[in-house]
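J.: Take a look at the following structure, please.
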Amino acid sequence: MAINGVRPPQNPNSSLAYHTLSLAGLLFSETRSVSEGKTNKNVYKALIAAEYSGVKVELVPEFEMGVSNKTPEFIKMNPIGKVPVLQTPDGPVFESNAIARYVARSKADNPLYGSSLIDYAHVEQWIDFASLEVDVNLVNWFRPRIGRAVYLPPAEEATISALKRALDALNTHLASNTFLVGHSVTLADIVMTCNLYLGFTHLMPKKFTSEFPHVERYFWTMVNQPNFKKFLGEVKQTDATPAVAKKPAQPKEAAKPKKEEPKKEAPKPKPAPAEEEEEAPKPKPKNPLDLLPPSKMVLDDWKRLYSNTKTNFREVAIKGFWDMYDPEGYSLWFCDYKYNEENTVTFVTMNKVGGFLQRMDLARKYAFGKMLVTGSNPPYKVQGLWLFRGTEIPKFVLDECYDMELYEWRKADINDEAQKERVSQMIEEVEPFEGEPILDAKCFKSLNGQGCWGKYLVELMSCLNNTDITLSDDPSNSKNDAKKEAHGASSSSSGSMVVGVLLVIVVVILVSYFLYKLWQKKKREEQYARLLKLFEEDDELEVELGLRD
């Protein structure tokens, strides 16, 4: 390529003669050397593909993101003003994968697409995998960390879980393959490596990637290929995942004085129109579990038995459970947390389990659960036992509670005495459990239609029923002396005071619960509004890092 502006000769094997690639902030000079501290993985895809294909691609000099991409000329090339954009003799192309494909296909019989039809299909397969399974999860992990989206720990945990699943699949494939397709570099390797570049350089330290040794070997092999190294330079793996950045508070605008508007006359009341017949509200669709055949096991009866048994637990509660259990109407499931090696901090591990149980509240009518945290030293094990209505885990639980995919689930076989005894021990919290002390045990057992406050109210009412309070005189006591009458009056007064105090406590609890729920709703609305505002902002850093095209 002639840097001085001389147009190169037409390539007879290619319909692509001369291209200019627009990108943010002049990340590359006209000689295509890497400028320190500025990288864009989406631009690398096209540049590396062009280098392998012998296609000439020139970068537009003096391109300024936020200015050049807002001009009418640029908007004609990409209506939403994103970069990169490839300008060709036949018209513009945007989206980085599409640009890389165009560059690769511009050369006839390009080995970047393999040597057969099945190679071509596999190249496209791995390009989609790199974008939908690897890149999406890396970006969703990175953006909240740098303050470009609302940081939610449970959402990050689910994102990392999905990323590890993708990297595990990639690691398995690379265990017996040097490259993704065939025995040489293809476009799939270029796209995959450029997407992994963000993870290795900004998110995934050695401690994280060591779980996937074949992915590590593959990445370092690729970035040290001459055509990669020409643009990527010396790649260094990050030492740690970046801390969560707090978005700086924006200064509030000074309140503008309101203009006094002339008072409008109150509109005259219009005659009330004839009441229209309101449509009858449509009945809510029933949960599929409510349509199952009746079971001899009543879940609330078991929960009450569990809660009320204080002594002889094995003889009373455990025996009662197996007497009630209906394998045709209910099923038992063991669960084991997939990432126990992360459970190094006690309170974080306990909070993780507590959050899971809170999010399982949608299933309280159909489930009972027991979660155990075991171990004397970190990392701690998290494992559980769940009783679900039906013979399988309810679909709505799998769909709506994202914690489910963080655990390995296996159905308990009660015909196996060892598994049956394990169920009993987990319910009873037998310690040590499987040779390990129990650090914490949590039970999911809210009664149907009754939350934690309902439980407290039931206990208060029970307390009232068991209180011996004299509210009226017995006729047989009419002959008692004045001393006994005074004592009876005193007892009645004390009883009334106890009732009053208990009623005040109940009112305070209900009001506190209502205010707490109101606060939660307001907080969710504020987070949602902040999230929308973040999406509306023009994010130049995302373009520099190649988080979006």
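Each chain of the structure tokens is named A, B, ... in the order shown, its residues numbered from 1; ligands are numbered from 1 in display order.
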Write out as a PyMOL selection string all residues of range 100-198 of chain A that DSSP puts in alpha helix (DSSP H) for this structure's backbone.
T.: chain A and resi 100-105+117-129+136-145+153-174+187-198
J.: Do a neighbour search on Phe200 in chain A at 10 Å with only C-alpha atoms, toss out local chain neighbours closer than 2 positions, and write the hits as a list in words.
T.: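 Close residues of Phe200 in chain A: Thr193, Asn195, Leu196, Tyr197, Leu198, His202, Leu203, Met204, Pro205, Lys206, Phe208, Thr209, Glu216, Phe219, Trp220, Val235, Lys236, Gln237, Thr238, Asp239 and Thr241 of chain A.
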J.: Using N, CA and C atoms, can you write the selected residues to a file as an mmCIF file, in the first residue's frame?
T.:
```cif
data_model
loop_
_atom_site.group_PDB
_atom_site.id
_atom_site.type_symbol
_atom_site.label_atom_id
_atom_site.label_comp_id
_atom_site.auth_asym_id
_atom_site.auth_seq_id
_atom_site.Cartn_x
_atom_site.Cartn_y
_atom_site.Cartn_z
ATOM 1 N N THR A 193 -9.774 -14.773 18.457
ATOM 2 C CA THR A 193 -8.632 -14.201 19.167
ATOM 3 C C THR A 193 -8.870 -12.724 19.495
ATOM 4 N N ASN A 195 -11.728 -11.277 19.968
ATOM 5 C CA ASN A 195 -12.713 -11.196 21.055
ATOM 6 C C ASN A 195 -12.093 -11.588 22.394
ATOM 7 N N LEU A 196 -11.240 -12.622 22.398
ATOM 8 C CA LEU A 196 -10.563 -13.016 23.637
ATOM 9 C C LEU A 196 -9.575 -11.956 24.097
ATOM 10 N N TYR A 197 -9.092 -11.138 23.166
ATOM 11 C CA TYR A 197 -8.112 -10.093 23.494
ATOM 12 C C TYR A 197 -8.638 -9.175 24.599
ATOM 13 N N LEU A 198 -9.915 -8.796 24.511
ATOM 14 C CA LEU A 198 -10.501 -7.955 25.558
ATOM 15 C C LEU A 198 -10.449 -8.652 26.911
ATOM 16 N N HIS A 202 -7.976 -7.176 29.875
ATOM 17 C CA HIS A 202 -8.703 -6.292 30.783
ATOM 18 C C HIS A 202 -9.448 -7.005 31.907
ATOM 19 N N LEU A 203 -9.821 -8.283 31.722
ATOM 20 C CA LEU A 203 -10.754 -8.912 32.664
ATOM 21 C C LEU A 203 -10.227 -10.166 33.344
ATOM 22 N N MET A 204 -9.567 -11.037 32.578
ATOM 23 C CA MET A 204 -9.283 -12.392 33.061
ATOM 24 C C MET A 204 -7.809 -12.541 33.427
ATOM 25 N N PRO A 205 -7.477 -12.490 34.732
ATOM 26 C CA PRO A 205 -6.088 -12.730 35.138
ATOM 27 C C PRO A 205 -5.723 -14.207 35.017
ATOM 28 N N LYS A 206 -4.473 -14.496 35.265
ATOM 29 C CA LYS A 206 -3.966 -15.867 35.148
ATOM 30 C C LYS A 206 -4.763 -16.838 36.024
ATOM 31 N N PHE A 208 -7.828 -16.845 36.668
ATOM 32 C CA PHE A 208 -9.099 -17.181 36.012
ATOM 33 C C PHE A 208 -8.871 -18.095 34.810
ATOM 34 N N THR A 209 -7.915 -17.743 33.951
ATOM 35 C CA THR A 209 -7.731 -18.495 32.703
ATOM 36 C C THR A 209 -7.028 -19.833 32.912
ATOM 37 N N GLU A 216 -5.701 -20.973 26.897
ATOM 38 C CA GLU A 216 -4.496 -20.165 27.117
ATOM 39 C C GLU A 216 -3.459 -20.444 26.036
ATOM 40 N N PHE A 219 -4.581 -18.940 22.696
ATOM 41 C CA PHE A 219 -4.527 -17.477 22.605
ATOM 42 C C PHE A 219 -3.098 -16.979 22.435
ATOM 43 N N TRP A 220 -2.180 -17.497 23.247
ATOM 44 C CA TRP A 220 -0.803 -17.018 23.152
ATOM 45 C C TRP A 220 -0.140 -17.472 21.851
ATOM 46 N N VAL A 235 1.395 -8.420 23.711
ATOM 47 C CA VAL A 235 0.172 -8.551 24.509
ATOM 48 C C VAL A 235 0.549 -8.972 25.930
ATOM 49 N N LYS A 236 -0.015 -8.265 26.907
ATOM 50 C CA LYS A 236 0.243 -8.589 28.312
ATOM 51 C C LYS A 236 -1.080 -8.894 29.005
ATOM 52 N N GLN A 237 -1.117 -10.003 29.716
ATOM 53 C CA GLN A 237 -2.335 -10.386 30.426
ATOM 54 C C GLN A 237 -2.526 -9.520 31.663
ATOM 55 N N THR A 238 -3.783 -9.166 31.935
ATOM 56 C CA THR A 238 -4.087 -8.335 33.101
ATOM 57 C C THR A 238 -3.748 -9.073 34.393
ATOM 58 N N ASP A 239 -3.358 -8.316 35.397
ATOM 59 C CA ASP A 239 -3.009 -8.911 36.690
ATOM 60 C C ASP A 239 -4.231 -9.153 37.568
ATOM 61 N N THR A 241 -8.872 -8.496 37.809
ATOM 62 C CA THR A 241 -10.124 -7.973 37.277
ATOM 63 C C THR A 241 -10.318 -6.545 37.799
#
```
J.: Would you mind reading off the distance between CA of Val67 in chain A and CA of Gln87 in chain A, one decimal, in Å?
T.: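 Between these atoms lies a distance of 18.1 Å.
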J.: Mind checking which residues fall within 8 Å of range 424-436 of chain A, counting only C-alpha atoms, ignoring those fewer than 4 positions away in the same chain, and posting them as a list in words?
T.: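 The contact residues come out as Phe313, Arg314, Ile318, Lys370, Leu372, Thr374, Gly375, Ser376, Gly384, Leu385, Lys420 and Ala441 of chain A.
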J.: Can you tell me which residues surround Ala46 in chain A at a distance of at most 9 Å, considering only C-alpha atoms, apart from same-chain residues fewer than 4 positions away, and format the answer as a list in words?
T.: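 Those residues are Leu21, Asn42, Ala50, Glu51, Val57, Ser96, Asn97, Ile99, Ala100, Arg101, Tyr102, Val103, Ala104 and Ile190 of chain A.
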J.: When you look at range 330-333 of chain A with a cut-off of 7 Å (counting only C-alpha atoms), what residues show up, excluding the ones that are within fewer than 4 positions of it in the same chain? I need them as a PyMOL selection string.
T.: chain A and resi 326+385-392+409-412
J.: Write the residues of the preceding selection, restricted to N, CA and C atoms, as an mmCIF file, in the first residue's frame.
T.:
```
data_model
loop_
_atom_site.group_PDB
_atom_site.id
_atom_site.type_symbol
_atom_site.label_atom_id
_atom_site.label_comp_id
_atom_site.auth_asym_id
_atom_site.auth_seq_id
_atom_site.Cartn_x
_atom_site.Cartn_y
_atom_site.Cartn_z
ATOM 1 N N ASP A 326 -44.706 -38.599 48.731
ATOM 2 C CA ASP A 326 -45.405 -39.216 47.595
ATOM 3 C C ASP A 326 -44.509 -39.098 46.360
ATOM 4 N N LEU A 385 -30.636 -29.688 49.248
ATOM 5 C CA LEU A 385 -31.677 -30.680 48.972
ATOM 6 C C LEU A 385 -32.971 -29.921 48.734
ATOM 7 N N TRP A 386 -33.696 -30.279 47.654
ATOM 8 C CA TRP A 386 -34.944 -29.596 47.334
ATOM 9 C C TRP A 386 -36.045 -30.607 47.053
ATOM 10 N N LEU A 387 -37.223 -30.289 47.588
ATOM 11 C CA LEU A 387 -38.433 -31.074 47.331
ATOM 12 C C LEU A 387 -39.333 -30.226 46.437
ATOM 13 N N PHE A 388 -39.622 -30.714 45.234
ATOM 14 C CA PHE A 388 -40.451 -29.984 44.276
ATOM 15 C C PHE A 388 -41.729 -30.751 43.973
ATOM 16 N N ARG A 389 -42.796 -30.001 43.751
ATOM 17 C CA ARG A 389 -44.051 -30.600 43.270
ATOM 18 C C ARG A 389 -43.826 -31.083 41.846
ATOM 19 N N GLY A 390 -44.277 -32.311 41.574
ATOM 20 C CA GLY A 390 -44.064 -32.898 40.261
ATOM 21 C C GLY A 390 -42.824 -33.778 40.253
ATOM 22 N N THR A 391 -42.654 -34.493 39.151
ATOM 23 C CA THR A 391 -41.540 -35.437 39.051
ATOM 24 C C THR A 391 -40.287 -34.812 38.447
ATOM 25 N N GLU A 392 -40.374 -33.551 37.999
ATOM 26 C CA GLU A 392 -39.212 -32.830 37.474
ATOM 27 C C GLU A 392 -39.138 -31.458 38.137
ATOM 28 N N TRP A 409 -27.601 -30.293 39.248
ATOM 29 C CA TRP A 409 -28.796 -30.902 39.813
ATOM 30 C C TRP A 409 -28.833 -32.391 39.465
ATOM 31 N N ARG A 410 -29.175 -33.211 40.457
ATOM 32 C CA ARG A 410 -29.371 -34.638 40.189
ATOM 33 C C ARG A 410 -30.514 -35.155 41.071
ATOM 34 N N LYS A 411 -31.321 -35.968 40.479
ATOM 35 C CA LYS A 411 -32.515 -36.462 41.155
ATOM 36 C C LYS A 411 -32.143 -37.541 42.175
ATOM 37 N N ALA A 412 -32.736 -37.448 43.351
ATOM 38 C CA ALA A 412 -32.465 -38.438 44.398
ATOM 39 C C ALA A 412 -33.256 -39.717 44.123
#
```
J.: With distances taken over only C-alpha atoms, which of A:Asp413, A:Ala169, A:Ala188, A:Ala175 is nearest to Ser131 in chain A?
T.: A:Ala188
J.: Nearest residue to Pro288 in chain A out of A:Ile414, A:Leu503, A:Val397, A:Leu406, using only C-alpha atoms?
T.: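 Checking each candidate against Pro288 in chain A, we get A:Val397 as the closest.
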J.: Identify which of the residues A:Asp128, A:Glu73, A:Glu405, A:Glu64 lies closest to Ala98 in chain A, counting only C-alpha atoms when measuring atom-to-atom distances.
T.: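 Looking at the shortest contact to Ala98 in chain A, the residue is A:Asp128.
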